[in-house]
Structure formats: C-alpha cells, structure tokens
>>> print(open('coords_22.txt').read())   # compact mmCIF, C-alpha atoms and all ligand atoms
# COMPACT_ATOMS: atom_id res chain seq x y z
CA MET A 1 -9.74 11.09 26.42
CA ILE A 2 -10.43 10.25 30.06
CA PRO A 3 -7.16 9.25 31.78
CA GLY A 4 -6.93 5.47 31.95
CA GLU A 5 -9.45 4.92 29.14
CA PRO A 6 -8.16 2.80 26.26
CA HIS A 7 -7.36 4.57 23.02
CA PHE A 8 -9.24 3.39 19.98
CA ALA A 9 -8.58 3.40 16.26
CA GLY A 10 -9.96 1.49 13.30
CA VAL A 11 -10.17 1.10 9.56
CA LEU A 12 -12.72 2.88 7.36
CA GLY A 13 -13.63 1.02 4.16
CA TRP A 14 -16.47 -0.45 2.11
CA PRO A 15 -16.82 -3.37 1.98
CA LEU A 16 -14.41 -4.54 4.66
CA GLU A 17 -14.62 -8.33 4.72
CA ARG A 18 -11.08 -8.79 3.43
CA THR A 19 -9.19 -6.24 5.53
CA LEU A 20 -6.14 -7.52 7.41
CA SER A 21 -5.64 -4.29 9.38
CA PRO A 22 -7.51 -5.38 12.55
CA ALA A 23 -5.39 -8.55 12.83
CA ILE A 24 -2.11 -6.70 12.22
CA HIS A 25 -2.81 -3.79 14.58
CA ALA A 26 -4.31 -5.90 17.35
CA ALA A 27 -1.13 -8.00 17.30
CA ALA A 28 1.01 -4.85 17.39
CA PHE A 29 -0.79 -3.29 20.37
CA GLU A 30 -0.75 -6.56 22.25
CA SER A 31 2.93 -7.13 21.53
CA VAL A 32 4.00 -3.79 23.04
CA GLY A 33 1.40 -3.87 25.83
CA LEU A 34 -0.61 -0.83 24.69
CA PRO A 35 -4.29 -1.01 25.74
CA TRP A 36 -5.56 0.16 22.35
CA VAL A 37 -8.72 -1.11 20.69
CA TYR A 38 -8.75 -1.42 16.86
CA LEU A 39 -12.10 -1.74 15.09
CA ALA A 40 -13.35 -2.42 11.55
CA TRP A 41 -15.74 0.34 10.43
CA ALA A 42 -17.65 -0.65 7.28
CA VAL A 43 -18.74 2.76 6.01
CA PRO A 44 -20.53 3.20 2.66
CA PRO A 45 -19.41 6.15 0.51
CA GLU A 46 -22.45 8.28 1.33
CA SER A 47 -21.66 8.04 5.07
CA LEU A 48 -17.94 8.88 4.90
CA ALA A 49 -18.37 12.52 5.99
CA SER A 50 -20.45 11.46 9.03
CA ALA A 51 -17.87 8.81 9.92
CA VAL A 52 -15.02 11.36 9.80
CA GLU A 53 -17.09 13.70 11.97
CA GLY A 54 -17.54 10.72 14.31
CA LEU A 55 -13.75 10.36 14.59
CA ARG A 56 -13.61 13.97 15.80
CA VAL A 57 -16.55 13.83 18.18
CA LEU A 58 -15.60 10.48 19.72
CA ARG A 59 -11.92 11.48 19.85
CA ALA A 60 -10.56 8.46 18.05
CA SER A 61 -6.77 8.29 18.26
CA GLY A 62 -6.46 7.49 14.58
CA ALA A 63 -7.79 5.59 11.62
CA ASN A 64 -6.72 3.69 8.57
CA VAL A 65 -8.50 4.39 5.31
CA THR A 66 -8.96 1.84 2.57
CA MET A 67 -10.92 1.45 -0.66
CA PRO A 68 -13.01 3.29 -1.77
CA HIS A 69 -12.33 6.21 0.62
CA LYS A 70 -8.60 6.91 0.14
CA GLU A 71 -9.18 9.88 -2.18
CA ALA A 72 -12.68 10.93 -1.10
CA ILE A 73 -11.47 11.60 2.45
CA LEU A 74 -9.00 14.34 1.44
CA PRO A 75 -11.36 17.35 1.66
CA LEU A 76 -12.79 16.12 4.98
CA LEU A 77 -9.44 16.44 6.79
CA ASP A 78 -7.72 19.50 8.28
CA ASP A 79 -4.30 18.94 6.72
CA LEU A 80 -2.23 16.43 4.73
CA ASP A 81 1.38 15.32 5.00
CA GLU A 82 3.69 15.66 2.00
CA ASP A 83 3.23 12.08 0.75
CA ALA A 84 -0.58 12.20 0.98
CA ARG A 85 -0.56 15.50 -0.90
CA ALA A 86 1.77 14.20 -3.64
CA VAL A 87 -0.06 10.89 -4.07
CA GLY A 88 -3.53 12.41 -3.70
CA ALA A 89 -4.62 9.65 -1.31
CA VAL A 90 -4.73 9.04 2.44
CA ASN A 91 -4.39 5.66 4.16
CA THR A 92 -3.79 6.91 7.71
CA VAL A 93 -5.49 9.61 9.78
CA ALA A 94 -3.89 10.94 12.93
CA SER A 95 -5.82 12.93 15.49
CA GLY A 96 -4.26 15.62 17.64
CA GLY A 97 -5.29 18.91 19.17
CA GLY A 98 -8.76 18.61 17.66
CA ARG A 99 -7.34 18.31 14.13
CA LEU A 100 -7.35 15.35 11.75
CA ILE A 101 -4.21 15.00 9.61
CA GLY A 102 -4.05 12.69 6.57
CA HIS A 103 -0.92 10.64 5.88
CA ASN A 104 0.07 8.15 3.19
CA THR A 105 2.19 5.38 4.69
CA ASP A 106 1.96 3.31 1.47
CA VAL A 107 4.88 5.46 0.25
CA SER A 108 7.13 4.90 3.28
CA GLY A 109 5.88 1.30 3.54
CA PHE A 110 6.97 0.46 0.00
CA LYS A 111 10.31 2.21 0.48
CA GLU A 112 11.06 0.42 3.76
CA PHE A 113 10.11 -2.93 2.28
CA LEU A 114 12.03 -2.52 -1.01
CA ALA A 115 15.23 -0.95 0.27
CA GLY A 116 15.14 -2.78 3.62
CA ASP A 117 13.58 -6.28 3.50
CA ALA A 118 14.18 -6.86 -0.22
CA GLY A 119 17.61 -5.19 -0.17
CA ALA A 120 17.16 -3.60 -3.61
CA THR A 121 19.36 -0.70 -4.66
CA ILE A 122 17.09 1.79 -6.37
CA SER A 123 19.46 4.71 -6.92
CA GLY A 124 20.03 4.85 -10.69
CA ALA A 125 17.64 1.94 -11.36
CA ARG A 126 15.30 1.64 -14.34
CA CYS A 127 11.86 0.84 -12.94
CA VAL A 128 8.57 -0.27 -14.48
CA VAL A 129 5.27 0.06 -12.63
CA LEU A 130 2.26 -1.81 -14.05
CA GLY A 131 -1.05 -0.06 -13.35
CA ALA A 132 -2.00 3.54 -12.65
CA GLY A 133 -4.26 3.40 -9.59
CA GLY A 134 -3.72 4.48 -5.98
CA ALA A 135 -1.04 1.89 -5.21
CA ALA A 136 0.89 2.79 -8.38
CA ARG A 137 0.88 6.45 -7.32
CA ALA A 138 2.43 5.57 -3.95
CA VAL A 139 5.00 3.25 -5.57
CA VAL A 140 6.05 5.90 -8.10
CA LYS A 141 6.52 8.46 -5.31
CA ALA A 142 8.56 5.95 -3.31
CA LEU A 143 10.79 4.99 -6.28
CA SER A 144 11.29 8.66 -7.03
CA GLU A 145 12.33 9.37 -3.42
CA LEU A 146 14.74 6.41 -3.64
CA ASP A 147 16.37 8.14 -6.64
CA ALA A 148 15.38 5.78 -9.47
CA GLU A 149 16.73 6.92 -12.82
CA VAL A 150 13.64 6.17 -14.92
CA ILE A 151 10.14 5.19 -13.80
CA SER A 152 7.89 3.90 -16.60
CA VAL A 153 4.20 3.63 -15.80
CA VAL A 154 2.56 1.02 -18.03
CA ALA A 155 -1.23 1.20 -18.01
CA ARG A 156 -4.23 0.72 -20.26
CA ASP A 157 -5.52 4.28 -19.64
CA ALA A 158 -3.05 6.73 -21.23
CA HIS A 159 -4.29 9.73 -19.21
CA LYS A 160 -3.96 7.92 -15.89
CA ALA A 161 -0.52 6.62 -16.87
CA ALA A 162 0.64 10.16 -17.68
CA SER A 163 -0.78 11.54 -14.44
CA VAL A 164 0.96 8.87 -12.33
CA ALA A 165 4.23 9.24 -14.25
CA ALA A 166 4.10 12.99 -13.55
CA ILE A 167 4.59 12.27 -9.83
CA ALA A 168 8.17 11.34 -10.74
CA GLY A 169 8.71 14.59 -12.68
CA ALA A 170 11.31 14.34 -15.46
CA ARG A 171 12.09 10.71 -14.54
CA GLY A 172 8.52 9.58 -15.24
CA ARG A 173 7.43 7.96 -18.53
CA ALA A 174 3.99 6.75 -19.58
CA GLU A 175 3.83 3.59 -21.72
CA PRO A 176 0.86 1.80 -23.28
CA TRP A 177 -0.27 -1.47 -21.71
CA THR A 178 0.41 -3.29 -24.98
CA ALA A 179 4.14 -2.55 -24.51
CA ASN A 180 4.38 -4.24 -21.11
CA ILE A 181 6.59 -7.19 -22.13
CA TRP A 182 9.11 -4.91 -23.92
CA ALA A 183 9.05 -2.40 -21.08
CA VAL A 184 10.17 -4.97 -18.50
CA ALA A 185 12.91 -6.47 -20.70
CA ASP A 186 15.67 -4.14 -19.56
CA ALA A 187 14.17 -2.96 -16.27
CA ASP A 188 16.01 -3.40 -12.98
CA VAL A 189 12.79 -3.25 -10.95
CA VAL A 190 9.28 -4.37 -12.00
CA VAL A 191 6.26 -3.68 -9.79
CA ASN A 192 2.77 -5.05 -10.42
CA ALA A 193 0.27 -2.53 -9.05
CA THR A 194 -2.75 -4.06 -10.78
CA PRO A 195 -5.04 -6.76 -9.33
CA LEU A 196 -3.99 -9.16 -12.12
CA GLY A 197 -2.73 -12.31 -10.43
CA MET A 198 -5.16 -12.28 -7.52
CA ASN A 199 -7.14 -15.01 -9.28
CA LYS A 200 -4.08 -16.67 -10.85
CA GLU A 201 -4.26 -14.49 -13.99
CA LYS A 202 -0.98 -14.70 -15.90
CA LEU A 203 0.78 -11.35 -16.27
CA LEU A 204 3.74 -10.65 -18.56
CA GLU A 205 3.43 -14.15 -19.98
CA GLY A 206 6.57 -14.97 -21.95
CA ALA A 207 8.66 -12.22 -20.31
CA ARG A 208 12.29 -13.16 -19.60
CA PHE A 209 13.63 -12.30 -16.15
CA ASP A 210 17.16 -12.66 -14.79
CA ALA A 211 19.10 -12.65 -11.53
CA GLY A 212 19.77 -8.92 -11.76
CA GLN A 213 16.08 -7.98 -11.52
CA TRP A 214 13.73 -7.28 -8.63
CA VAL A 215 10.08 -8.16 -9.26
CA VAL A 216 7.46 -7.09 -6.72
CA ASP A 217 3.79 -8.03 -6.93
CA LEU A 218 1.79 -5.84 -4.54
CA ILE A 219 -0.84 -8.58 -4.26
CA TYR A 220 -0.57 -10.18 -0.82
CA ASP A 221 -3.52 -12.60 -0.96
CA PRO A 222 -2.62 -15.08 -2.34
CA PRO A 223 0.97 -14.73 -1.06
CA SER A 224 2.34 -15.81 -4.46
CA THR A 225 1.10 -15.12 -7.98
CA PRO A 226 1.97 -16.52 -11.42
CA LEU A 227 4.18 -13.44 -11.99
CA ILE A 228 6.15 -14.12 -8.79
CA ASP A 229 6.45 -17.82 -9.59
CA SER A 230 7.67 -17.11 -13.12
CA ALA A 231 10.18 -14.40 -12.11
CA ARG A 232 11.54 -16.50 -9.23
CA SER A 233 11.91 -19.63 -11.36
CA GLN A 234 14.06 -17.58 -13.78
CA GLY A 235 16.34 -16.39 -10.96
CA ALA A 236 14.99 -12.88 -10.31
CA HIS A 237 14.51 -11.57 -6.76
CA ALA A 238 10.72 -11.84 -6.49
CA TRP A 239 8.49 -10.67 -3.66
CA GLY A 240 4.77 -10.54 -2.94
CA GLY A 241 2.92 -7.68 -1.24
CA ILE A 242 2.99 -8.75 2.42
CA GLY A 243 6.15 -6.75 3.13
CA MET A 244 4.61 -3.48 1.94
CA LEU A 245 1.38 -4.29 3.76
CA VAL A 246 3.19 -4.77 7.06
CA HIS A 247 5.42 -1.71 6.64
CA GLN A 248 2.51 0.60 5.77
CA ALA A 249 0.74 -0.63 8.93
CA ALA A 250 3.97 -0.06 10.86
CA GLY A 251 4.00 3.51 9.58
CA SER A 252 0.48 4.09 10.91
CA PHE A 253 1.46 2.60 14.27
CA ARG A 254 4.51 4.90 14.48
CA ILE A 255 2.42 7.99 13.68
CA TRP A 256 -0.31 7.17 16.22
CA THR A 257 1.79 5.97 19.14
CA GLY A 258 5.21 7.58 18.64
CA GLN A 259 6.69 4.13 19.33
CA GLU A 260 8.73 1.80 17.13
CA PRO A 261 6.38 -0.82 15.65
CA PRO A 262 6.86 -4.50 16.57
CA LEU A 263 7.45 -5.68 13.00
CA PRO A 264 7.86 -9.42 13.71
CA ALA A 265 4.51 -9.58 15.55
CA MET A 266 2.78 -7.59 12.81
CA SER A 267 4.27 -9.72 10.06
CA ALA A 268 3.35 -12.98 11.82
CA ALA A 269 -0.24 -11.75 12.27
CA ALA A 270 -0.52 -10.90 8.56
CA VAL A 271 0.88 -14.25 7.44
CA THR A 272 -1.40 -16.16 9.83
CA ALA A 273 -4.49 -14.21 8.76
CA ILE A 274 -3.78 -14.84 5.07
CA ALA A 275 -3.07 -18.53 5.64
CA GLY A 276 -6.32 -18.83 7.62
CA ARG A 277 -8.24 -17.37 4.71
CA SER A 278 -6.86 -19.69 2.09
CA ARG A 279 -8.07 -22.64 4.18
CA ASP A 280 -11.65 -21.18 4.14
P1 LIG B 1 -6.85 0.65 -8.20
O1 LIG B 1 -6.73 2.04 -7.71
O2 LIG B 1 -8.19 0.08 -8.51
O3 LIG B 1 -5.90 0.51 -9.50
C1 LIG B 1 -5.79 -0.70 -10.22
C2 LIG B 1 -5.00 -0.48 -11.50
O4 LIG B 1 -4.92 -1.73 -12.18
C3 LIG B 1 -5.65 0.52 -12.48
O5 LIG B 1 -4.65 1.22 -13.16
C4 LIG B 1 -6.38 -0.43 -13.42
O6 LIG B 1 -6.60 0.10 -14.71
C5 LIG B 1 -5.40 -1.56 -13.51
N1 LIG B 1 -6.04 -2.79 -13.98
C6 LIG B 1 -7.08 -3.45 -13.40
N2 LIG B 1 -7.42 -4.52 -14.16
C7 LIG B 1 -6.59 -4.50 -15.24
C8 LIG B 1 -6.45 -5.32 -16.39
N3 LIG B 1 -7.26 -6.40 -16.59
N4 LIG B 1 -5.50 -5.02 -17.31
C9 LIG B 1 -4.71 -3.94 -17.12
N5 LIG B 1 -4.79 -3.11 -16.06
C10 LIG B 1 -5.72 -3.39 -15.13
O7 LIG B 1 -6.22 -0.37 -7.15
P2 LIG B 1 -4.98 -0.10 -6.16
O8 LIG B 1 -5.47 0.37 -4.86
O9 LIG B 1 -3.99 0.71 -6.88
O10 LIG B 1 -4.45 -1.60 -5.92
C11 LIG B 1 -3.79 -2.30 -6.95
C12 LIG B 1 -3.26 -3.62 -6.39
O11 LIG B 1 -2.30 -3.36 -5.37
C13 LIG B 1 -4.34 -4.49 -5.74
O12 LIG B 1 -4.04 -5.83 -6.03
C14 LIG B 1 -4.17 -4.22 -4.26
O13 LIG B 1 -4.57 -5.31 -3.45
C15 LIG B 1 -2.65 -4.05 -4.17
N6 LIG B 1 -2.23 -3.21 -3.04
C16 LIG B 1 -1.35 -3.77 -2.16
C17 LIG B 1 -0.90 -3.02 -1.10
C18 LIG B 1 0.08 -3.63 -0.14
O14 LIG B 1 0.29 -3.07 0.94
N7 LIG B 1 0.72 -4.73 -0.49
C19 LIG B 1 -1.32 -1.69 -0.92
C20 LIG B 1 -2.21 -1.16 -1.84
C21 LIG B 1 -2.67 -1.94 -2.91
P3 LIG B 1 -7.88 1.04 -15.04
O15 LIG B 1 -7.66 2.31 -14.26
O16 LIG B 1 -7.81 1.21 -16.51
O17 LIG B 1 -9.10 0.28 -14.55
>>> encode(input="coords_22.txt", output="structure tokens", more="lines below")
Ligand code: NAP
Amino acid sequence: MIPGEPHFAGVLGWPLERTLSPAIHAAAFESVGLPWVYLAWAVPPESLASAVEGLRVLRASGANVTMPHKEAILPLLDDLDEDARAVGAVNTVASGGGRLIGHNTDVSGFKEFLAGDAGATISGARCVVLGAGGAARAVVKALSELDAEVISVVARDAHKAASVAAIAGARGRAEPWTANIWAVADADVVVNATPLGMNKEKLLEGARFDAGQWVVDLIYDPPSTPLIDSARSQGAHAWGGIGMLVHQAAGSFRIWTGQEPPLPAMSAAAVTAIAGRSRD
C-alpha cells in the first residue's frame, strides 16, 4: 500500500443486490474518520478463485464473504481462525504479510448480540436451533462457547442436523423437523436459522411461548417475522437478526482495523438501509 493511499475492502457474493455490508461498513469508516473504501464485488462461483487472487495482487485490506462463497473460499486461503475451522465457513478475510486469513465473525457476532444486547444467560440453558445451514453452524458454535447445557438442532435433513449438532460435541442433539413444536416447548432459547419468515411464512404455528424464553429469528429483512410477533405477544423476549448482523460486521471491522467498531453508527446504517428497502 502506498503511504497515504486509502485502504479498500469489499464483499464477495453472488448475487449481491441485497447485501447491507457496504452501507454498514461505509458508515463505520466514516464515523471513525478512516479513509477506507468498501466495495460490492458480485463474483459468480466460477470466478471466485480469480477474485481471491485479485485480493492478493491488489493488496486489499480485507473482505467479507457471503453466499454462495462462504464454504468454497476455504481452500483458497492461507489459514483459518478457530471459529472458521470449526464452522467450516468464512465470512471475513484479513490480509497481512502477503497472507489471507479466513475468520468467522458470525460466531462472535451472535454471542455478542445474545449475551450483550439481548441480555440472555446461556450457561446451563436448553437451546433449540431450527435449520442446519451455515448460520445454524455458527449459532451452535456460539451457544456451545456460551456453555449451553443442551443444543438441539431441528432440521429436515437428518444428516445435516447430525453434522451441525456435532459442533456442540456431547451437548448436541439432532431432531427431526416434524418435532419442532415439541422441541421448543421446554427450551430456554429458540433460534430460527432457516429463511422461513422472510416472506411472512408462519413458523412453529401453535407453539406456546412464555416470559422465561428467548426467541431469536436470524432474519433481519423484514425486521420482524410472524415467529417474532407470536413469541413477543406471548411475553417471550423476541429479537430479529439485525443485532447479529451488526455485531458480525463489527467483528470484521475490529479484525481489519484493530479499532473498536462504532456500533451505534453501524446499527443506524443497517436499520436505515432496511427501512429504505421496504419502501421500494
Ligand atoms: P442456508 O445455509 O441456506 O441454510 C438454510 C437452512 O434452512 C437449511 O438447513 C435448510 O434446509 C433450511 N430450510 C430452508 N427452507 C426450509 C423449509 N421450508 N423447511 C425447513 N427447513 C428449511 O442459509 P443460512 O446462511 O444458514 O441462512 C439462514 C437464515 O439466516 C437466512 O434467513 C439468512 O438471511 C439468516 N442469516 C442471518 C444472519 C445475521 O447476521 N442476522 C447471518 C447469516 C444468516 P435444507 O438444508 O434441507 O435445504
């Protein structure tokens, strides 16, 4: 990097129309006065290797990685942090000394949101995670690190459910999708890590929630879903996915810059970007 030149980073994904990362990171850099440029790189799967080589050659300071590249990028990097290795997915790349290191800030992002913003106590908690994709893997790792007692992964694909539950070791359980209502009945924490609810689909219809439960829907657009509405109307602590979204971005910011992220500016940018979309 030539002294005085702005650093640049960006997000690699395909397609990229719905990414909120440029809005969140631009707000963060502006808020702390860092002259960084953050770009949206729409890269089809067959061009991912060239794009990663481009990060090296052009000396990008870092990158975010989103669908469908989070797993495919693993063998293209020089090393992985512990969370990326455990989850088998990368959402953040840091560049240093000519090496590209893969991180997974979805894990720390979910932890910071749940134990911090939401104020949930996870130690000894019985947790249910719906879905067995990339987000579920990060959530299970986070709940495990927060010392949950039992983590049940409820998914329609038994093999995927077992593989995600295995991240939690002896605390992990795999349950069939058909058991989802019973599984949440005596759970302390329920996390939706499926896309069900994005288009107002009803999830866990008929489930009873109470004031002792935390319900988190990872969907952030729309900001509320039928699951959140139902859990909240029954007195449960219910949260959408914006908190995790902002905290995972904050984790990337911390890794790239070594500075504390400006969370209020990042959160405001996310909320504004989502509100702007729903008026479209
Ligand atoms: P993914 O890898 O595609 O996994 C989706 C999971 O949902 C899979 O287990 C899938 O089952 C299951 N699923 C999909 N449709 C279903 C249905 N009709 N019935 C039952 N299960 C169904 O996606 P992901 O990356 O994990 O993301 C999941 C959700 O989390 C998305 O809504 C995403 O926007 C959100 N997310 C939020 C954040 C945040 O920061 N807030 C971060 C990451 C993801 P099959 O495998 O059987 O298809």
>>> residues_around(input="coords_22.txt", residues="Phe209 in chain A", least_positions_apart="3", cutoff="9 Å", atoms="all atoms listed in the file", output="PyMOL selection string")
chain A and resi 184-185+212-213+215+230-236
>>> residues_near_ligand(input="coords_22.txt", ligand="ligand LIG 1 (chain B)", cutoff="6 Å", atoms="only C-alpha atoms and all ligand atoms", output="count of residues only")
19
>>> atom_distance(input="coords_22.txt", atom1="CA of Ser108 in chain A", atom2="CA of Ala142 in chain A")
6.8 Å
>>> closest_atom_pairs(input="coords_22.txt", of="range 94-189 of chain A", to="range 42-53 of chain A", cutoff="12 Å", atoms="only C-alpha atoms", output="Markdown table")
| residue | atom | partner | partner_atom | distance |
| --- | --- | --- | --- | --- |
| A:Ala94 | CA | A:Val52 | CA | 11.6 |
| A:Ser95 | CA | A:Val52 | CA | 10.9 |
| A:Gly98 | CA | A:Glu53 | CA | 11.2 |
| A:Arg99 | CA | A:Glu53 | CA | 11.0 |
| A:Leu100 | CA | A:Val52 | CA | 8.9 |
| A:Ile101 | CA | A:Val52 | CA | 11.4 |
| A:Gly102 | CA | A:Val52 | CA | 11.5 |
>>> residues_around(input="coords_22.txt", residues="Gln259 in chain A", least_positions_apart="3", cutoff="12 Å", atoms="all atoms listed in the file", output="list in words")
Ala28, Phe29, Val32, Gly33, Leu34, Ala250, Gly251, Ser252, Phe253, Arg254, Ile255, Trp256, Pro262 and Leu263 of chain A
>>> closest_residue(input="coords_22.txt", among="A:Ile228, A:Leu80, A:Leu143, A:Met198", to="Ile122 in chain A", atoms="all atoms listed in the file")
A:Leu143
>>> closest_atom_pairs(input="coords_22.txt", of="range 52-154 of chain A", to="range 164-180 of chain A", cutoff="6 Å", atoms="only C-alpha atoms", output="tab-separated table")
residue	atom	partner	partner_atom	distance
A:Arg137	CA	A:Val164	CA	5.6
A:Ser144	CA	A:Ala168	CA	5.5
A:Val150	CA	A:Arg171	CA	4.8
A:Ile151	CA	A:Gly172	CA	4.9
A:Ser152	CA	A:Arg173	CA	4.5
A:Val153	CA	A:Ala174	CA	4.9
A:Val154	CA	A:Glu175	CA	4.7
>>> atom_distance(input="coords_22.txt", atom1="CA of His69 in chain A", atom2="CA of Val37 in chain A")
21.7 Å
>>> atom_distance(input="coords_22.txt", atom1="CA of Met266 in chain A", atom2="CA of Trp36 in chain A")
14.9 Å
>>> closest_residue(input="coords_22.txt", among="A:Leu12, A:Ala115, A:Ile24, A:Ala40", to="Asn91 in chain A", atoms="all atoms listed in the file")
A:Leu12
